[in-house]
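Source file upload13.tsv; content: TSV, C-alpha atoms and all ligand atoms.
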```
chain	number	residue	atom	x	y	z
A	1476	MET	CA	18.88	-4.37	-21.09
A	1477	ALA	CA	20.44	-6.16	-24.04
A	1478	GLY	CA	23.50	-4.99	-22.25
A	1479	THR	CA	25.78	-2.74	-24.26
A	1480	ASP	CA	28.15	-0.71	-22.12
A	1481	GLU	CA	26.79	2.52	-23.59
A	1482	GLN	CA	23.22	1.58	-22.67
A	1483	GLU	CA	24.24	0.76	-19.14
A	1484	ALA	CA	26.18	4.02	-18.84
A	1485	ALA	CA	23.17	5.94	-20.19
A	1486	PHE	CA	20.87	4.22	-17.66
A	1487	TYR	CA	23.10	5.04	-14.68
A	1488	ALA	CA	23.64	8.60	-15.94
A	1489	ILE	CA	19.86	9.15	-15.75
A	1490	VAL	CA	19.53	7.46	-12.36
A	1491	ASP	CA	22.53	9.28	-10.87
A	1492	SER	CA	21.34	12.67	-12.05
A	1493	ASP	CA	17.92	12.02	-10.48
A	1494	GLY	CA	16.28	11.86	-13.91
A	1495	ARG	CA	13.43	9.53	-14.88
A	1496	ILE	CA	13.72	6.29	-16.79
A	1497	GLU	CA	10.91	6.06	-19.33
A	1498	PRO	CA	9.44	2.90	-20.93
A	1499	ARG	CA	11.37	3.47	-24.19
A	1500	ASP	CA	14.74	3.70	-22.36
A	1501	ALA	CA	17.05	0.72	-22.10
A	1502	MET	CA	17.15	-0.64	-18.56
A	1503	PRO	CA	18.79	-3.58	-16.79
A	1504	GLU	CA	16.55	-6.64	-16.80
A	1505	ALA	CA	16.85	-6.91	-13.00
A	1506	TYR	CA	15.64	-3.29	-12.64
A	1507	ARG	CA	12.61	-4.08	-14.82
A	1508	LYS	CA	11.86	-7.22	-12.81
A	1509	THR	CA	12.18	-5.42	-9.48
A	1510	LEU	CA	9.80	-2.72	-10.65
A	1511	ILE	CA	7.26	-5.26	-11.88
A	1512	ARG	CA	7.46	-7.09	-8.53
A	1513	GLN	CA	7.03	-3.96	-6.44
A	1514	MET	CA	4.42	-2.23	-8.63
A	1515	ALA	CA	2.36	-5.42	-8.97
A	1516	GLN	CA	2.52	-6.04	-5.21
A	1517	HIS	CA	1.45	-2.45	-4.69
A	1518	ALA	CA	-1.44	-2.74	-7.19
A	1519	HIS	CA	-2.58	-6.03	-5.64
A	1520	SER	CA	-2.52	-4.38	-2.20
A	1521	GLU	CA	-4.81	-1.64	-3.42
A	1522	ILE	CA	-7.47	-4.00	-4.74
A	1523	ILE	CA	-7.22	-6.53	-1.88
A	1524	GLY	CA	-7.25	-3.50	0.44
A	1525	MET	CA	-10.82	-2.80	-0.71
A	1526	GLN	CA	-12.04	-5.87	1.20
A	1527	PRO	CA	-11.47	-5.03	4.88
A	1528	GLU	CA	-13.15	-1.64	4.56
A	1529	GLY	CA	-15.72	-2.86	2.02
A	1530	ASN	CA	-16.89	-5.11	4.87
A	1531	TRP	CA	-18.34	-2.00	6.59
A	1532	ILE	CA	-20.03	-0.21	3.67
A	1533	SER	CA	-23.41	-1.77	4.40
A	1534	ARG	CA	-23.04	-1.15	8.14
A	1535	ALA	CA	-21.66	2.41	8.19
A	1536	PRO	CA	-23.24	4.36	11.06
A	1537	SER	CA	-24.76	7.09	8.85
A	1538	LEU	CA	-25.46	7.93	5.22
A	1539	ARG	CA	-22.61	10.46	5.28
A	1540	ARG	CA	-20.11	7.86	6.55
A	1541	LYS	CA	-21.37	5.36	3.98
A	1542	ALA	CA	-20.90	7.82	1.10
A	1543	ILE	CA	-17.37	8.67	2.30
A	1544	LEU	CA	-16.42	5.02	2.69
A	1545	LEU	CA	-17.82	4.10	-0.72
A	1546	ALA	CA	-15.75	6.87	-2.31
A	1547	LYS	CA	-12.62	5.74	-0.46
A	1548	VAL	CA	-12.99	2.12	-1.52
A	1549	GLN	CA	-13.57	3.26	-5.10
A	1550	ASP	CA	-10.42	5.37	-4.90
A	1551	GLU	CA	-8.50	2.23	-3.96
A	1552	ALA	CA	-9.79	0.45	-7.07
A	1553	GLY	CA	-8.62	3.49	-9.04
A	1554	HIS	CA	-5.15	3.29	-7.44
A	1555	GLY	CA	-4.97	-0.35	-8.47
A	1556	LEU	CA	-5.86	0.68	-12.02
A	1557	TYR	CA	-3.15	3.39	-12.21
A	1558	LEU	CA	-0.57	0.95	-10.86
A	1559	TYR	CA	-1.49	-1.95	-13.15
A	1560	ALA	CA	-1.42	0.47	-16.09
A	1561	ALA	CA	2.00	1.77	-15.00
A	1562	ALA	CA	3.28	-1.83	-14.67
A	1563	GLU	CA	2.00	-2.60	-18.18
A	1564	THR	CA	4.48	-0.05	-19.57
A	1565	LEU	CA	7.15	-2.61	-18.59
A	1566	GLY	CA	5.74	-5.16	-21.02
A	1567	VAL	CA	3.54	-7.29	-18.72
A	1568	SER	CA	-0.23	-7.55	-18.99
A	1569	ARG	CA	-2.69	-6.90	-16.20
A	1570	ASP	CA	-4.22	-10.33	-16.83
A	1571	HIS	CA	-0.85	-11.96	-16.26
A	1572	LEU	CA	-0.23	-10.03	-13.03
A	1573	LEU	CA	-3.66	-11.00	-11.70
A	1574	GLU	CA	-2.95	-14.61	-12.61
A	1575	LEU	CA	0.26	-14.40	-10.54
A	1576	LEU	CA	-1.69	-12.97	-7.60
A	1577	HIS	CA	-4.39	-15.61	-7.82
A	1578	THR	CA	-1.85	-18.42	-7.91
A	1579	HIS	CA	0.08	-17.02	-4.92
A	1580	GLN	CA	3.14	-16.19	-7.01
A	1581	GLN	CA	2.96	-12.52	-6.13
A	1582	LYS	CA	2.29	-10.92	-2.78
A	1583	TYR	CA	0.13	-8.14	-1.42
A	1584	SER	CA	0.59	-6.11	1.73
A	1585	SER	CA	0.50	-8.06	5.00
A	1586	ILE	CA	-1.82	-5.47	6.57
A	1587	PHE	CA	-4.87	-6.58	4.62
A	1588	ASN	CA	-4.81	-10.01	6.22
A	1589	TYR	CA	-6.19	-8.64	9.48
A	1590	PRO	CA	-9.95	-8.49	10.14
A	1591	THR	CA	-12.10	-5.36	10.56
A	1592	LEU	CA	-14.10	-6.25	13.66
A	1593	THR	CA	-15.79	-2.94	14.49
A	1594	TRP	CA	-16.62	0.38	12.84
A	1595	ALA	CA	-13.62	1.92	14.62
A	1596	ASP	CA	-11.38	-0.30	12.48
A	1597	VAL	CA	-12.42	1.73	9.45
A	1598	GLY	CA	-11.14	4.86	11.21
A	1599	ALA	CA	-7.97	3.06	12.31
A	1600	ILE	CA	-7.27	1.90	8.76
A	1601	GLY	CA	-7.64	5.45	7.44
A	1602	TRP	CA	-5.51	6.96	10.18
A	1603	LEU	CA	-2.81	4.30	10.55
A	1604	VAL	CA	-2.77	2.22	7.36
A	1605	ASP	CA	-3.21	5.17	5.00
A	1606	GLY	CA	-0.83	7.15	7.22
A	1607	ALA	CA	1.79	4.40	6.84
A	1608	ALA	CA	1.03	4.20	3.12
A	1609	ILE	CA	1.64	7.95	2.69
A	1610	THR	CA	4.91	7.80	4.63
A	1611	ASN	CA	6.08	4.97	2.40
A	1612	GLN	CA	4.67	6.35	-0.84
A	1613	VAL	CA	5.52	10.06	-0.85
A	1614	PRO	CA	9.19	9.16	-1.57
A	1615	LEU	CA	7.92	6.97	-4.43
A	1616	THR	CA	6.75	10.13	-6.23
A	1617	ARG	CA	10.49	10.63	-6.85
A	1618	CYS	CA	11.04	7.02	-7.94
A	1619	SER	CA	13.43	6.69	-10.89
A	1620	TYR	CA	10.81	5.01	-13.08
A	1621	GLY	CA	8.64	7.77	-14.60
A	1622	PRO	CA	5.27	5.98	-14.94
A	1623	TYR	CA	5.43	4.72	-11.32
A	1624	ALA	CA	6.50	8.13	-9.97
A	1625	ARG	CA	3.67	9.90	-11.82
A	1626	ALA	CA	1.04	7.39	-10.70
A	1627	MET	CA	2.19	7.95	-7.12
A	1628	VAL	CA	1.61	11.72	-7.26
A	1629	ARG	CA	-2.11	11.29	-7.69
A	1630	ILE	CA	-2.32	8.33	-5.33
A	1631	CYS	CA	-0.60	10.26	-2.54
A	1632	LYS	CA	-3.02	13.18	-2.85
A	1633	GLU	CA	-5.94	10.81	-2.41
A	1634	GLU	CA	-4.25	8.85	0.39
A	1635	SER	CA	-3.71	12.00	2.39
A	1636	PHE	CA	-7.43	12.74	2.17
A	1637	HIS	CA	-8.12	9.14	3.26
A	1638	GLN	CA	-5.84	9.55	6.24
A	1639	ARG	CA	-7.67	12.66	7.39
A	1640	GLN	CA	-11.08	11.02	7.07
A	1641	GLY	CA	-9.85	8.11	9.23
A	1642	PHE	CA	-8.51	10.50	11.86
A	1643	GLU	CA	-11.78	12.45	11.84
A	1644	ALA	CA	-13.86	9.28	12.17
A	1645	LEU	CA	-11.79	8.23	15.19
A	1646	LEU	CA	-11.93	11.72	16.68
A	1647	THR	CA	-15.73	11.56	16.53
A	1648	LEU	CA	-15.65	8.24	18.40
A	1649	THR	CA	-13.18	9.44	21.04
A	1650	ARG	CA	-15.42	12.46	21.72
A	1651	GLY	CA	-18.46	10.20	22.01
A	1652	SER	CA	-19.56	7.84	24.76
A	1653	ALA	CA	-17.15	5.80	26.93
A	1654	ARG	CA	-18.05	2.74	24.84
A	1655	GLN	CA	-17.23	4.53	21.61
A	1656	LYS	CA	-13.90	5.71	23.00
A	1657	ALA	CA	-13.11	2.16	24.16
A	1658	MET	CA	-13.92	0.90	20.65
A	1659	ALA	CA	-11.44	3.40	19.17
A	1660	GLN	CA	-8.76	2.35	21.68
A	1661	ASP	CA	-9.35	-1.32	20.90
A	1662	ALA	CA	-8.92	-0.62	17.18
A	1663	LEU	CA	-5.63	1.21	17.84
A	1664	ASP	CA	-4.47	-1.69	20.04
A	1665	ARG	CA	-5.05	-4.18	17.21
A	1666	TRP	CA	-3.82	-2.11	14.23
A	1667	TRP	CA	-0.71	-0.46	15.68
A	1668	TYR	CA	1.87	-3.23	15.28
A	1669	PRO	CA	0.54	-4.57	11.96
A	1670	SER	CA	0.81	-0.97	10.66
A	1671	LEU	CA	4.45	-0.78	11.78
A	1672	ALA	CA	5.08	-4.11	10.05
A	1673	MET	CA	3.78	-2.74	6.72
A	1674	PHE	CA	7.16	-1.05	6.21
A	1675	GLY	CA	8.75	-4.46	5.76
A	1676	PRO	CA	11.54	-6.29	7.58
A	1677	PRO	CA	14.32	-4.37	9.33
A	1678	ASP	CA	16.98	-3.12	6.90
A	1679	ARG	CA	19.44	-5.81	8.00
A	1680	GLU	CA	16.97	-8.47	6.81
A	1681	SER	CA	15.63	-6.64	3.75
A	1682	THR	CA	16.45	-8.52	0.55
A	1683	HIS	CA	15.92	-5.71	-1.91
A	1684	SER	CA	16.50	-2.37	-0.16
A	1685	ASP	CA	20.16	-1.77	-1.04
A	1686	GLN	CA	19.74	-2.54	-4.71
A	1687	SER	CA	16.42	-0.69	-4.96
A	1688	MET	CA	17.98	2.37	-3.34
A	1689	ARG	CA	20.94	2.22	-5.72
A	1690	TRP	CA	18.44	2.28	-8.59
A	1691	GLY	CA	16.44	5.14	-7.10
A	1692	ILE	CA	13.30	2.99	-6.80
A	1693	LYS	CA	13.29	3.19	-3.01
A	1694	ARG	CA	14.62	6.45	-1.57
A	1695	PHE	CA	14.78	5.35	2.08
A	1696	GLY	CA	15.20	2.10	3.96
A	1697	ASN	CA	12.33	0.36	5.77
A	1698	ASP	CA	13.59	1.35	9.24
A	1699	GLU	CA	13.85	5.04	8.47
A	1700	LEU	CA	10.32	5.16	7.10
A	1701	ARG	CA	8.96	3.20	10.08
A	1702	GLN	CA	10.61	5.74	12.41
A	1703	ARG	CA	9.11	8.65	10.45
A	1704	PHE	CA	5.68	7.09	10.77
A	1705	VAL	CA	6.01	6.71	14.55
A	1706	ASP	CA	7.26	10.31	14.86
A	1707	MET	CA	4.30	11.57	12.86
A	1708	THR	CA	1.66	9.41	14.53
A	1709	ALA	CA	2.52	9.54	18.25
A	1710	PRO	CA	1.46	13.22	18.66
A	1711	GLN	CA	-1.72	12.51	16.69
A	1712	ALA	CA	-2.65	9.78	19.20
A	1713	ASP	CA	-2.32	12.42	21.94
A	1714	VAL	CA	-4.76	14.67	20.08
A	1715	LEU	CA	-7.19	11.76	19.86
A	1716	GLY	CA	-6.72	11.02	23.56
A	1717	LEU	CA	-5.74	7.42	22.74
A	1718	THR	CA	-2.80	5.41	24.06
A	1719	ILE	CA	-0.44	3.69	21.66
A	1720	PRO	CA	-0.06	0.13	22.96
A	1721	ASP	CA	3.67	0.42	23.58
A	1722	PRO	CA	4.88	1.10	27.14
A	1723	ASP	CA	8.33	1.97	25.77
A	1724	LEU	CA	7.14	4.64	23.39
A	1725	ARG	CA	8.73	7.95	24.44
A	1726	TRP	CA	10.39	10.97	22.90
A	1727	ASN	CA	14.19	10.72	22.86
A	1728	ASP	CA	15.65	14.24	22.95
A	1729	GLU	CA	19.11	13.06	22.02
A	1730	ARG	CA	17.99	11.22	18.89
A	1731	GLY	CA	15.28	13.73	18.04
A	1732	HIS	CA	12.90	10.81	17.51
A	1733	TYR	CA	10.49	8.62	19.45
A	1734	ASP	CA	11.88	5.39	20.85
A	1735	PHE	CA	9.46	2.54	20.25
A	1736	THR	CA	9.06	-1.24	20.29
A	1737	GLN	CA	9.51	-2.90	16.92
A	1738	PRO	CA	6.70	-5.08	15.56
A	1739	ASP	CA	6.99	-8.86	15.70
A	1740	PHE	CA	8.78	-9.62	12.43
A	1741	ASP	CA	8.20	-13.37	12.82
A	1742	GLU	CA	4.50	-12.58	12.68
A	1743	LEU	CA	5.09	-10.43	9.57
A	1744	PHE	CA	6.81	-13.31	7.79
A	1745	ARG	CA	4.09	-15.74	8.87
A	1746	VAL	CA	1.40	-13.42	7.47
A	1747	ILE	CA	3.38	-12.82	4.26
A	1748	SER	CA	3.74	-16.55	3.75
A	1749	GLY	CA	-0.02	-17.07	3.92
A	1750	ASP	CA	-0.66	-17.74	7.59
A	1751	GLY	CA	-2.43	-14.55	8.70
A	1752	PRO	CA	-5.93	-14.35	10.17
A	1753	CYS	CA	-7.63	-13.57	6.81
A	1754	ASN	CA	-5.26	-14.67	4.01
A	1755	ARG	CA	-7.48	-17.49	2.81
A	1756	GLN	CA	-10.67	-15.40	2.97
A	1757	ARG	CA	-9.08	-12.49	1.07
A	1758	MET	CA	-7.83	-14.67	-1.76
A	1759	GLU	CA	-11.05	-16.68	-2.04
A	1760	HIS	CA	-13.05	-13.47	-2.28
A	1761	ARG	CA	-10.66	-11.98	-4.87
A	1762	VAL	CA	-10.67	-15.06	-7.10
A	1763	ALA	CA	-14.47	-15.36	-6.87
A	1764	ALA	CA	-14.90	-11.67	-7.81
A	1765	HIS	CA	-12.57	-12.16	-10.76
A	1766	THR	CA	-14.37	-15.28	-11.97
A	1767	GLU	CA	-17.83	-13.80	-11.53
A	1768	GLY	CA	-16.71	-10.63	-13.33
A	1769	ALA	CA	-15.53	-12.48	-16.45
A	1770	TRP	CA	-18.70	-11.57	-18.38
A	1771	VAL	CA	-18.10	-7.86	-17.72
A	1772	ARG	CA	-14.57	-8.06	-19.13
A	1773	GLU	CA	-15.82	-10.01	-22.15
A	1774	ALA	CA	-18.63	-7.52	-22.80
A	1775	ALA	CA	-16.24	-4.55	-22.48
A	1776	ALA	CA	-13.73	-6.16	-24.84
A	1777	ALA	CA	-16.48	-6.98	-27.38
A	1778	TYR	CA	-17.77	-3.39	-27.22
A	1779	ALA	CA	-14.28	-1.95	-27.71
A	1780	ALA	CA	-13.67	-4.28	-30.68
A	1781	LYS	CA	-16.98	-3.26	-32.26
A	1782	ARG	CA	-16.23	0.45	-31.86
A	1783	ALA	CA	-12.76	-0.03	-33.34
A	1784	LYS	CA	-14.25	-1.85	-36.34
A	1785	ARG	CA	-16.81	0.92	-36.86
A	1786	ALA	CA	-14.11	3.59	-36.65
A	1787	GLU	CA	-12.03	1.66	-39.17
A	1788	ALA	CA	-14.97	1.37	-41.58
A	1789	ALA	CA	-15.70	5.11	-41.26
A	1790	ALA	CA	-12.08	6.11	-41.90
B	1	LIG	N1	3.65	-7.20	3.14
B	1	LIG	O1	13.44	-6.67	0.76
B	1	LIG	P1	12.18	-6.11	1.30
B	1	LIG	C1	-1.92	0.35	0.25
B	1	LIG	C2	8.18	-8.70	1.30
B	1	LIG	S1	-0.55	0.29	1.25
B	1	LIG	C3	3.92	-8.19	2.25
B	1	LIG	O2	12.29	-5.00	2.28
B	1	LIG	P2	11.08	-4.33	-0.70
B	1	LIG	C4	-3.25	0.75	0.77
B	1	LIG	C5	8.87	-8.12	0.07
B	1	LIG	O3	7.98	-8.05	-1.04
B	1	LIG	C6	0.38	-1.19	0.98
B	1	LIG	N2	5.18	-8.46	1.82
B	1	LIG	O4	11.24	-5.72	0.06
B	1	LIG	C7	-3.40	1.50	1.91
B	1	LIG	C8	9.98	-9.13	-0.11
B	1	LIG	O5	9.47	-10.34	-0.66
B	1	LIG	P3	9.75	-10.83	-2.19
B	1	LIG	C9	1.06	-1.36	-0.34
B	1	LIG	C10	6.17	-7.67	2.30
B	1	LIG	O6	10.19	-4.54	-1.86
B	1	LIG	C11	-4.66	1.80	2.40
B	1	LIG	C12	10.39	-9.48	1.30
B	1	LIG	O7	9.25	-9.20	2.09
B	1	LIG	N3	2.18	-0.49	-0.50
B	1	LIG	O8	-1.76	-0.05	-0.84
B	1	LIG	O9	12.40	-3.68	-0.93
B	1	LIG	C13	-5.79	1.34	1.76
B	1	LIG	C14	11.59	-8.69	1.80
B	1	LIG	O10	11.29	-7.28	1.94
B	1	LIG	C15	5.95	-6.62	3.20
B	1	LIG	C16	3.22	-0.79	-1.29
B	1	LIG	O11	3.27	-1.84	-1.87
B	1	LIG	C17	4.61	-6.41	3.63
B	1	LIG	N4	4.30	-5.45	4.52
B	1	LIG	O12	10.32	-3.42	0.39
B	1	LIG	C18	-5.65	0.58	0.61
B	1	LIG	C19	4.28	0.28	-1.44
B	1	LIG	N5	7.13	-6.05	3.50
B	1	LIG	O13	8.99	-9.85	-3.07
B	1	LIG	C20	-4.37	0.30	0.10
B	1	LIG	C21	5.35	-0.07	-2.42
B	1	LIG	C22	8.06	-6.72	2.81
B	1	LIG	O14	11.23	-10.76	-2.41
B	1	LIG	N6	6.22	-1.11	-1.93
B	1	LIG	N7	7.50	-7.70	2.10
B	1	LIG	O15	9.17	-12.21	-2.27
B	1	LIG	C23	7.31	-0.86	-1.17
B	1	LIG	O16	7.60	0.25	-0.79
B	1	LIG	C24	8.20	-2.03	-0.84
B	1	LIG	O17	7.88	-3.09	-1.70
B	1	LIG	C25	8.09	-2.52	0.64
B	1	LIG	C26	9.01	-3.74	0.82
B	1	LIG	C27	8.56	-1.43	1.58
B	1	LIG	C28	6.66	-2.94	1.00
```
Do you think you could lay out the structure here as structure tokens?
Amino acid sequence: MAGTDEQEAAFYAIVDSDGRIEPRDAMPEAYRKTLIRQMAQHAHSEIIGMQPEGNWISRAPSLRRKAILLAKVQDEAGHGLYLYAAAETLGVSRDHLLELLHTHQQKYSSIFNYPTLTWADVGAIGWLVDGAAITNQVPLTRCSYGPYARAMVRICKEESFHQRQGFEALLTLTRGSARQKAMAQDALDRWWYPSLAMFGPPDRESTHSDQSMRWGIKRFGNDELRQRFVDMTAPQADVLGLTIPDPDLRWNDERGHYDFTQPDFDELFRVISGDGPCNRQRMEHRVAAHTEGAWVREAAAAYAAKRAKRAEAAA
């Protein structure tokens, strides 16, 4: 915001009355930067998130599972597109944001730096990772920035379908042979704590939460959302007949919530800073896909320019 007092008052009047800030509205520069950081990180997560599941498209156990997985991975590309487009309303280009990702200047979600070792991991990602994503993202449909909030409405609808397909895939395994059930349990054992870590550091260590909540970007702190996820997921594990790998997980009548063991936040910070099991592989794959896809972008841009020229000549 160029910073007149009236502009600032108008901005806070919209935020405080739960209205939506639109691209044409004046906004504090720090608000704009925070949104670009979060929306870009979110968009990057969607497209990097295609890799762990994409790993199983050619090895899905049936044609039906393959078709479902293909559609899900395509949805994630679509989510990336909505989010990059929403970020562009803040005056940054998609090319620039991708450049920042490829040069490690912007992050993506820690969760996608873990490997998908078995087919059950595809189910676990749908159930847990998409479940965590929904818990975190439904409040973002009420985010103070209009284009982000609107993009999230559609994304959340699709994520909730993704979550159900993951649950159903795991349910099929847990009702199968002892080996299949063990595979599902192993996937839960490996994905549980990384899923809890997706919500970010505890509130006391969160750099941005207070300010983002004041601006109506985040509606809840990281700890509250993590608790909601555990409360939602623990009964679902019972339905699956699987055991969450936390001996201290139990319902607390007094609190009206499950007690649970927090994830290892040192591990989260290690993974965020580049030292997770698959960080290097994910980035190498992303940069290679971008480089090899250059001709497609050039062809699309040339086609659009030609059409525009033709339309201009016809007008
Ligand atoms: N991974 O102050 P804090 C999905 C960073 S789901 C990496 O609490 P904030 C999908 C944070 O950026 C995943 N970095 O930050 C699902 C900050 O560093 P910088 C994507 C993390 O922003 C299935 C520092 O730690 N979802 O897409 O207030 C299939 C301190 O944290 C993480 C979203 O992006 C992490 N887990 O809160 C396919 C949702 N946690 O930037 C795809 C939107 C924290 O200062 N984002 N950091 O260097 C958000 O809601 C918030 O950005 C977060 C973090 C809750 C993630």
Using only C-alpha atoms and all ligand atoms, tabulate the residues of chain A lying at most 6 Å from any atom of ligand LIG 1 (chain B), each with its closest atom pair and that distance in Å to one decimal, by chain and increasing residue number, as CSV.
```
residue,atom,partner,partner_atom,distance
A:Gln1513,CA,B:LIG1,O17,4.9
A:Gln1516,CA,B:LIG1,O11,5.4
A:His1517,CA,B:LIG1,O11,3.4
A:Ser1520,CA,B:LIG1,O8,4.6
A:Glu1521,CA,B:LIG1,C20,4.0
A:Gly1524,CA,B:LIG1,C18,4.4
A:Glu1551,CA,B:LIG1,C18,5.6
A:Lys1582,CA,B:LIG1,C3,6.0
A:Tyr1583,CA,B:LIG1,C3,5.3
A:Ser1584,CA,B:LIG1,N1,3.5
A:Ser1585,CA,B:LIG1,N1,3.8
A:Val1604,CA,B:LIG1,C11,5.3
A:Asp1605,CA,B:LIG1,C11,4.5
A:Ala1608,CA,B:LIG1,S1,4.6
A:Asn1611,CA,B:LIG1,O16,5.9
A:Ala1672,CA,B:LIG1,N4,5.7
A:Met1673,CA,B:LIG1,N4,3.5
A:Phe1674,CA,B:LIG1,C27,4.9
A:Gly1675,CA,B:LIG1,N5,3.2
A:Pro1676,CA,B:LIG1,O2,5.5
A:Ser1681,CA,B:LIG1,O1,3.7
A:Thr1682,CA,B:LIG1,O1,3.5
A:His1683,CA,B:LIG1,O1,3.8
A:Ser1684,CA,B:LIG1,O9,4.4
A:Asn1697,CA,B:LIG1,C27,5.9
A:Ile1747,CA,B:LIG1,C3,5.1
```
Hey, could you make a per-residue contact list for stretch 1667-1711 of chain A against stretch 1501-1506 of chain A with 12 Å as the cut-off, showing the nearest pair of atoms and its distance in Å to one decimal, counting all atoms listed in the file, sorted by chain and number, as CSV?
```
residue,atom,partner,partner_atom,distance
A:His1683,CA,A:Tyr1506,CA,11.0
A:Gln1686,CA,A:Tyr1506,CA,9.0
A:Ser1687,CA,A:Tyr1506,CA,8.1
A:Met1688,CA,A:Tyr1506,CA,11.1
A:Arg1689,CA,A:Tyr1506,CA,10.3
A:Trp1690,CA,A:Tyr1506,CA,7.4
A:Gly1691,CA,A:Tyr1506,CA,10.1
A:Ile1692,CA,A:Tyr1506,CA,8.9
A:Lys1693,CA,A:Tyr1506,CA,11.8
```
### Message
Just the number, please: distance in Å from atom CA of A:Arg1495 to atom CA of A:Cys1631, one decimal.
### Response
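Between atom CA of A:Arg1495 and atom CA of A:Cys1631 the gap works out to 18.7 Å.
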### Task
Find the residues near A:Thr1718: any atom within 9 Å, counting only C-alpha atoms, skip ones fewer than 6 places away on the same chain, and give them as JSON, numbers by chain.
{"A": [1660, 1663, 1664, 1709, 1712]}
### Task
Would you list the contacts of A:Ile1532 as a VMD selection string, taking every protein, DNA or RNA residue within 8 Å and counting all atoms listed in the file, but skipping same-chain residues closer than 2 positions in sequence?
chain A and resid 1528 to 1530 1534 to 1535 1541 1544 to 1545
Would you mind listing what lies within 8 Å of A:Met1525 as a compact mmCIF listing (two decimals) with C-alpha atoms, in the frame of the given file, with all atoms listed in the file counted and same-chain residues fewer than 6 positions away left out?
```
# COMPACT_ATOMS: atom_id res chain seq x y z
CA VAL A 1548 -12.99 2.12 -1.52
CA GLN A 1549 -13.57 3.26 -5.10
CA GLU A 1551 -8.50 2.23 -3.96
CA ALA A 1552 -9.79 0.45 -7.07
```
### Task
May I have the protein, DNA and RNA residues with any atom at most 7 Å from the point (-11.7, 9.7, 22.7), counting all atoms listed in the file, written as a list in words?
Leu1646, Leu1648, Thr1649, Arg1650, Gly1651, Lys1656, Leu1715, Gly1716 and Leu1717 of chain A
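What separates atom CA of A:Tyr1559 from atom CA of A:Ala1518 is a distance of 6.0 Å.
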